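Input: a single structure, listed below in structure tokens.
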Amino acid sequence: MDLRFTPEELAFRDEVRAFFRDHLPEDIRAKVVDGEHIDKADMVRWTRILHEKGWAVPHWPVEHGGTDWDPMRQYIFLEELQKTPAPSPLPFGVNMVGPVIYTFGSEAQKKRFLPRIANLDDWWCQGFSEPGAGSDLASLKTRAVRQGDHYIVNGQKTWTTLAQHADWIFCLVRTDPEAKKQEGISFLLIDMKTPGIEVRPIVTIDGGREINEVFLTDVKVPVENLVGEENKGWDYAKFLLGNERTNIARVGMSKQRIARIRELAAKEMSGGRPLIEDQRFMEKLTATEIELKALELTQLRVVAADAKRGNTGKPDPASSILKIKGSEIQQATTWLLMQVMGPHAAPFHADQLEGANEPPIEPDHAAHAAPAYFNMRKVSIYGGSNEIQKNIIAKAVLGL
Amino acid sequence: MDFDLSEEQSILKDSLEKLLGDRYGFEERRRVLASPEGFSADMWARYAEMGLMALPFAEEDGGLAGTPVETGIVMEALGRALALEPYLATVVLGGGLLRFGGSTEQRAEFIPQVAGGELKLAFGHTERNSRYDLNHVETTATRDGDGWVLSGQKSVVTGGDSADHVFVTARTAGGARDEGGIGVFMVDAKADGLSRRGYANQDGQRAAEITLDKVRVPGERVIGEAEGGLPLVRRVADAAIAALCSEAIGVMEATHRLTVDYLKVRKQFGVPIGAFQVLQHKAVDMFVAMEQARSITLYATMMADSEDAGERARAMHAAKAEVGRAGRLVGETAIQLHGGVGMTMELAVGHYFKRMTMIDIAFGDHDHHLRALAAKGGLMAAA
């Protein structure tokens with residue numbers, strides 16, 4: 001047992017750290033530090049810097065533009081990325097549909113889509129949830145009917161993150177309404193420019209315009225855009241949702257946020273002294289730091305176990321707690337950050353969410369404290385709510 | 001980075017678990033608990049035979065040069081079995097004081113006896129007014145020729161009723177809470193003026209109240225510097241905290257397993273109660289807390305041998321706070337999920353809960369360590 005990084009891992013960490021330090025544009029870094037909205041142009045700019053280095057999709061197979069890094073290096077890369085802090089790559093292409101395409105897609109699909117995902121030529125969004133299909137995703141109703149060379153798709157998707165920027169959407173659609181609900185679902189790739197698609201924004205409680213409803217009315221999708229086999233879409237969806245274990249806990253991001261909390265708490269005054277000298281505040285911060293340290297070790301246990309078995313076998317039981325604990329800590333840190341700003345977290349800046357020319361009412365970092373807190377309530381809801389995660393652990397790990 | 005045990009470590013774990021599994025079942029433990037000594041001399045001899053008493057000591061002192069990982073393996077297994085023998089008191093505490101603070105002569109005289117299982121030790125540091133503060137020492141040591149005369153009282157001395165020698169902290173200079181002026185003295189339990197009142201703690205482990213009334217201790221039984229013993233005491237307390245965290249992992253694991261098993265067999269409303277989502281989620285909450293505690297315990301184990309006292313202390317504060325929090329959640333939830341039967345002495349689960357509770361209030365509870373770490377600027381201050 002040796003919980004230190006090897007000299008090779010340390011050298012790799014230094015290399016990655018230096019690259020992020022030297023190549024992440026300062027204006028983008030500043031936005032991430034303050035929790036500001038990262039717009040499409042920033043995201044494309046950063047992804048292309050990574051892609052030029054060959055690091056836009058490091059976890060993909062080498063033949064598709066990935067690297068041969070082992071799970072520990074993949075972990076170190078993401079941790080350093082989040083600690084810099086740099087924007088995380090857009091997950092919908094890089095972590096979700098990309099691996100589905102290279103695992104289950106046709107050769108033509110791999111050729112057509114994978115290079116464009118890696119370079120962020122195509123912005124992807126995810127068409128899974130529907131108004132009547134949230135935690136019970138398999139009850140989805142969006143219908144795809146085969147007509148010659150096309151599917152005709154009708155239905156509605158919701159909570160579609162950043163669909164307003166999207167070129168493509170990957171959708172779960174019902175192709176066999178007679179079959180058992182999990183067995184009549186297919187996985188379709190749909191061009192967002194196809195007639196019959198309408199995107200309507202949903203404003204979230206932080207005032208942000210991040211998520212959307214997507215309406216599909218008689219949308220014609222060529223059959224060549226079906227991934228894998230018809231009616232096997234549920235298997236691909238489960239693969240997609242179970243795929244993301246490395247750094248689902250977002251330890252690096254929480255570490256960066258704690259560093260920011262410490263920095264700001266040393267400046268903000270409370271009772272005539274810096275807040276960081278307040279015992280009650282420090283005990284809350286310390287409790288969160290302890291939880292984060294434990295989670296980091298839990299994450300590393302999972303990564304080390306993955307590395308050992310070549311990432312093919314059954315996941316370590318500890319992996320199932322990463323989503324639950326990781327989301328709780330992310331939420332705790334945004335709450336603490338808002339507390340640091342105290343009353344100055346109160347003013348609402350409608351225009352700052354999309355970028356504004358008006359001078360801010362309060363310092364930039366104060367403007368985003370409350371919205372970040374409100375916004376991060378989502379992390380225990382999406383990707384399988386924490387209650388669904390507990391159902392999974394009860395069944396798969398505890399055998400209940 | 002490597003989380004696996006070495007082959008030797010795996011053998012140690014497997015053979016100790018087999019020994020405890022074969023000979024330390026719940027019924028056997030009850031018999032031991034009811035005996036006047038409150039622990040099993042037979043098991044003690046078997047531990048010694050397996051080399052457990054020799055584990056942490058250097059080879060030149062007659063030990064096996066084990067690391068905190070080996071101590072953790074032993075403590076976790078003892079926790080899973082709710083073993084009652086004074087291993088922590090003798091090997092981790094008393095042994096630790098000899099290991100880190102003993103002179104060449106002291107190590108040569110006593111370590112072989114500890115390693116052979118012939119000697120039992122205890123560490124008296126807690127006093128009525130000290131709570132968890134290791135620097136709070138009211139017991140006095142006054143120079144007397146080439147020796148010392150000790151007077152005072154030590155409370156809840158784990159293993160204190162059966163120990164052959166009791167190490168006690170005593171003030172050689174300064175006021176009750178001064179960091180300097182604390183000495184560590186090795187006192188023969190049969191010394192004139194030492195009286196002890198033995199008893200069982202809530203969890204069945206034995207302890208004693210020890211009164212020192214002008215006890216004469218020869219100069220060669222001072223461990224380390226008579227006026228500068230606190231760093232040694234802190235170092236050994238840190239070793240004990242890492243060991244207790246490992247024991248707690250064994251306790252929690254057994255508690256959780258018993259609870260999940262019970263959820264599968266206990267039927268109400270015509271179904272196993274584990275079919276109810278509200279109970280499933282509580283069992284998962286226990287699991288999450290336990291795994292987090294296991295992770296932070298690994299961290300503490302890795303840091304337990306660090307020469308950097310500041311970083312070592314931070315790690316122990318973090319681990320003991322987290323383990324205390326997790327242990328309480330696991331223990332209380334286990335009793336709740338067992339329902340009425342969890343309240344009875346007849347079931348093991350309550351005994352695990354009691355041990356877990358006693359671990360929290362040994363060497364600083366959750367609040368103590370959280371406050372101490374916060375006062376030092378938190379866990380990530382130095383990073």
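Residue numbering restarts at 1 for every chain of the structure tokens, chains are lettered A, B, ... in their displayed order, and ligands are numbered from 1 as they appear.
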Contacts between chain B and chain A, please, where a residue of chain A counts if it comes within 8 Å (with only C-alpha atoms); show its shortest atom pair and distance in Å to one decimal, rows by chain and ascending number, as a Markdown table.
```
| residue | atom | partner | partner_atom | distance |
| --- | --- | --- | --- | --- |
| A:Met1 | CA | B:Phe3 | CA | 4.8 |
| A:Asp2 | CA | B:Asp2 | CA | 5.0 |
| A:Leu3 | CA | B:Met1 | CA | 4.9 |
| A:Arg4 | CA | B:Met1 | CA | 5.3 |
| A:Phe5 | CA | B:Met1 | CA | 5.1 |
| A:Thr6 | CA | B:Met1 | CA | 6.4 |
| A:Gln279 | CA | B:Ala374 | CA | 7.1 |
| A:Met282 | CA | B:Ala374 | CA | 5.4 |
| A:Glu283 | CA | B:Ala374 | CA | 5.2 |
| A:Leu285 | CA | B:Gly378 | CA | 7.4 |
| A:Thr286 | CA | B:Gly378 | CA | 5.0 |
| A:Ala287 | CA | B:Leu370 | CA | 6.9 |
| A:Glu289 | CA | B:Leu379 | CA | 6.1 |
| A:Ile290 | CA | B:Ala318 | CA | 5.7 |
| A:Glu291 | CA | B:Gln292 | CA | 7.5 |
| A:Lys293 | CA | B:Ile296 | CA | 7.0 |
| A:Ala294 | CA | B:Ile296 | CA | 4.7 |
| A:Leu295 | CA | B:Gln292 | CA | 6.4 |
| A:Leu297 | CA | B:Ser295 | CA | 5.3 |
| A:Thr298 | CA | B:Ser295 | CA | 5.5 |
| A:Arg301 | CA | B:Phe3 | CA | 6.7 |
| A:Ala304 | CA | B:Asp2 | CA | 6.7 |
| A:Ala318 | CA | B:Glu291 | CA | 6.7 |
| A:Ile321 | CA | B:Val288 | CA | 6.0 |
| A:Lys325 | CA | B:Val288 | CA | 7.9 |
| A:Glu387 | CA | B:His281 | CA | 7.8 |
| A:Lys390 | CA | B:His281 | CA | 5.9 |
| A:Asn391 | CA | B:His281 | CA | 7.1 |
| A:Ile393 | CA | B:Val284 | CA | 6.7 |
| A:Ala394 | CA | B:Gln280 | CA | 5.8 |
| A:Leu398 | CA | B:Val260 | CA | 6.9 |
| A:Leu400 | CA | B:Gly274 | CA | 5.7 |
```
How about saving the chosen residues, C-alpha atoms kept, as a PDB file, in the first residue's frame?
```pdb
ATOM      1  CA  MET A   1       0.000   0.000   0.000  1.00  0.00           C
ATOM      2  CA  ASP A   2       1.430   3.340  -1.016  1.00  0.00           C
ATOM      3  CA  LEU A   3      -0.824   6.350  -1.396  1.00  0.00           C
ATOM      4  CA  ARG A   4       1.767   8.549  -3.060  1.00  0.00           C
ATOM      5  CA  PHE A   5       1.883   9.242  -6.768  1.00  0.00           C
ATOM      6  CA  THR A   6       4.781   7.516  -8.522  1.00  0.00           C
ATOM      7  CA  GLN A 279     -14.600  29.855  14.534  1.00  0.00           C
ATOM      8  CA  MET A 282     -14.014  27.719   9.951  1.00  0.00           C
ATOM      9  CA  GLU A 283     -15.617  24.660  11.505  1.00  0.00           C
ATOM     10  CA  LEU A 285     -15.401  24.920   6.056  1.00  0.00           C
ATOM     11  CA  THR A 286     -13.174  22.366   7.790  1.00  0.00           C
ATOM     12  CA  ALA A 287     -15.985  19.807   7.923  1.00  0.00           C
ATOM     13  CA  GLU A 289     -12.676  19.905   3.597  1.00  0.00           C
ATOM     14  CA  ILE A 290     -12.571  16.664   5.567  1.00  0.00           C
ATOM     15  CA  GLU A 291     -15.424  15.224   3.525  1.00  0.00           C
ATOM     16  CA  LYS A 293     -10.361  14.673   1.454  1.00  0.00           C
ATOM     17  CA  ALA A 294     -12.199  11.428   2.165  1.00  0.00           C
ATOM     18  CA  LEU A 295     -13.939  11.624  -1.199  1.00  0.00           C
ATOM     19  CA  LEU A 297      -9.309   9.001  -1.419  1.00  0.00           C
ATOM     20  CA  THR A 298     -12.516   7.171  -2.309  1.00  0.00           C
ATOM     21  CA  ARG A 301      -9.490   3.824  -4.616  1.00  0.00           C
ATOM     22  CA  ALA A 304      -6.645   2.375  -8.722  1.00  0.00           C
ATOM     23  CA  ALA A 318     -17.124   2.478  -3.660  1.00  0.00           C
ATOM     24  CA  ILE A 321     -20.957   6.698  -3.716  1.00  0.00           C
ATOM     25  CA  LYS A 325     -21.018  12.494  -2.056  1.00  0.00           C
ATOM     26  CA  GLU A 387     -32.377   9.009  -4.581  1.00  0.00           C
ATOM     27  CA  LYS A 390     -29.407   5.096  -3.506  1.00  0.00           C
ATOM     28  CA  ASN A 391     -31.857   2.692  -5.110  1.00  0.00           C
ATOM     29  CA  ILE A 393     -26.640   0.949  -4.381  1.00  0.00           C
ATOM     30  CA  ALA A 394     -29.328  -0.790  -2.322  1.00  0.00           C
ATOM     31  CA  LEU A 398     -26.295  -4.289  -0.658  1.00  0.00           C
ATOM     32  CA  LEU A 400     -31.698  -5.479  -0.971  1.00  0.00           C
TER      33      LEU A 400
END
```
Would you kindly return, as a count of residues only, each protein, DNA or RNA residue with an atom no farther than 10 Å from any atom of segment 43-47 of chain B, considering only C-alpha atoms and excluding same-chain residues fewer than 6 positions away? 16
Need to verify the contact set: Met341 of chain A, 12 Å, only C-alpha atoms, exclusion of same-chain residues closer than 6 positions in sequence. Can you return it as a ChimeraX atom specification? /A:260-270,274-275,334-335,347,362-370,373
8 Å contact set for Val92 of chain B, only C-alpha atoms, chain neighbours under 4 positions out, as an MDAnalysis selection string: chainID B and resid 87:88 96 236 239:240 243
Once you have the residues from the selection above, write them out as a tab-separated table (two decimals), in the first residue's frame, restricted to C-alpha atoms.
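What ended up in selection-v3.tsv:
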```tsv
chain	number	residue	atom	x	y	z
B	87	TYR	CA	-3.81	-4.67	22.44
B	88	LEU	CA	-4.13	-0.92	21.92
B	96	GLY	CA	4.57	3.35	21.21
B	236	VAL	CA	1.79	8.22	20.51
B	239	ALA	CA	-0.62	6.46	16.53
B	240	ALA	CA	-3.53	5.50	18.79
B	243	ALA	CA	-5.29	2.54	15.21
```
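Here atom CA of Leu232 of chain B and atom CA of Val137 of chain B stand 14.5 Å from one another.
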Find the spatial neighbours of Ser103 of chain B, counting only C-alpha atoms, within a cut-off of 8 Å - ignore same-chain residues fewer than 5 positions away - and output them as a list in words. Leu98, Ile223 and Gly224 of chain B
For Ala189 of chain B, please output as a VMD selection string all residues within 7 Å (counting only C-alpha atoms; exclusion window: fewer than 6 positions along the same chain). chain B and resid 163 to 166
Generate a file of the selected residues that holds C-alpha atoms, formatted as an mmCIF file, in the first residue's frame.
```
data_model
loop_
_atom_site.group_PDB
_atom_site.id
_atom_site.type_symbol
_atom_site.label_atom_id
_atom_site.label_comp_id
_atom_site.auth_asym_id
_atom_site.auth_seq_id
_atom_site.Cartn_x
_atom_site.Cartn_y
_atom_site.Cartn_z
ATOM 1 C CA ALA B 163 -1.205 -3.680 33.212
ATOM 2 C CA ASP B 164 2.154 -4.657 34.692
ATOM 3 C CA HIS B 165 3.428 -1.155 34.126
ATOM 4 C CA VAL B 166 1.482 2.054 33.728
#
```
Which neighbours of segment 42-52 of chain A fall inside 8 Å, counting only C-alpha atoms, when residues of the same chain fewer than 4 positions from it are skipped, and could you give them as a count of residues only? 13
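Closest to Ser106 of chain A among A:Asn225, A:Thr67, A:Gln156, A:Gln164 is A:Asn225, based on only C-alpha atoms.
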Would you mind writing down, as a ChimeraX atom specification, each residue of segment 172-248 of chain A that DSSP on the backbone assigns to strand (DSSP E or B)? /A:172-174,185-191,197-202,211-222,226
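Nearest residue to Pro71 of chain A among A:Leu337, A:Ala305, A:Leu188, A:Pro7 is A:Ala305, counting only C-alpha atoms.
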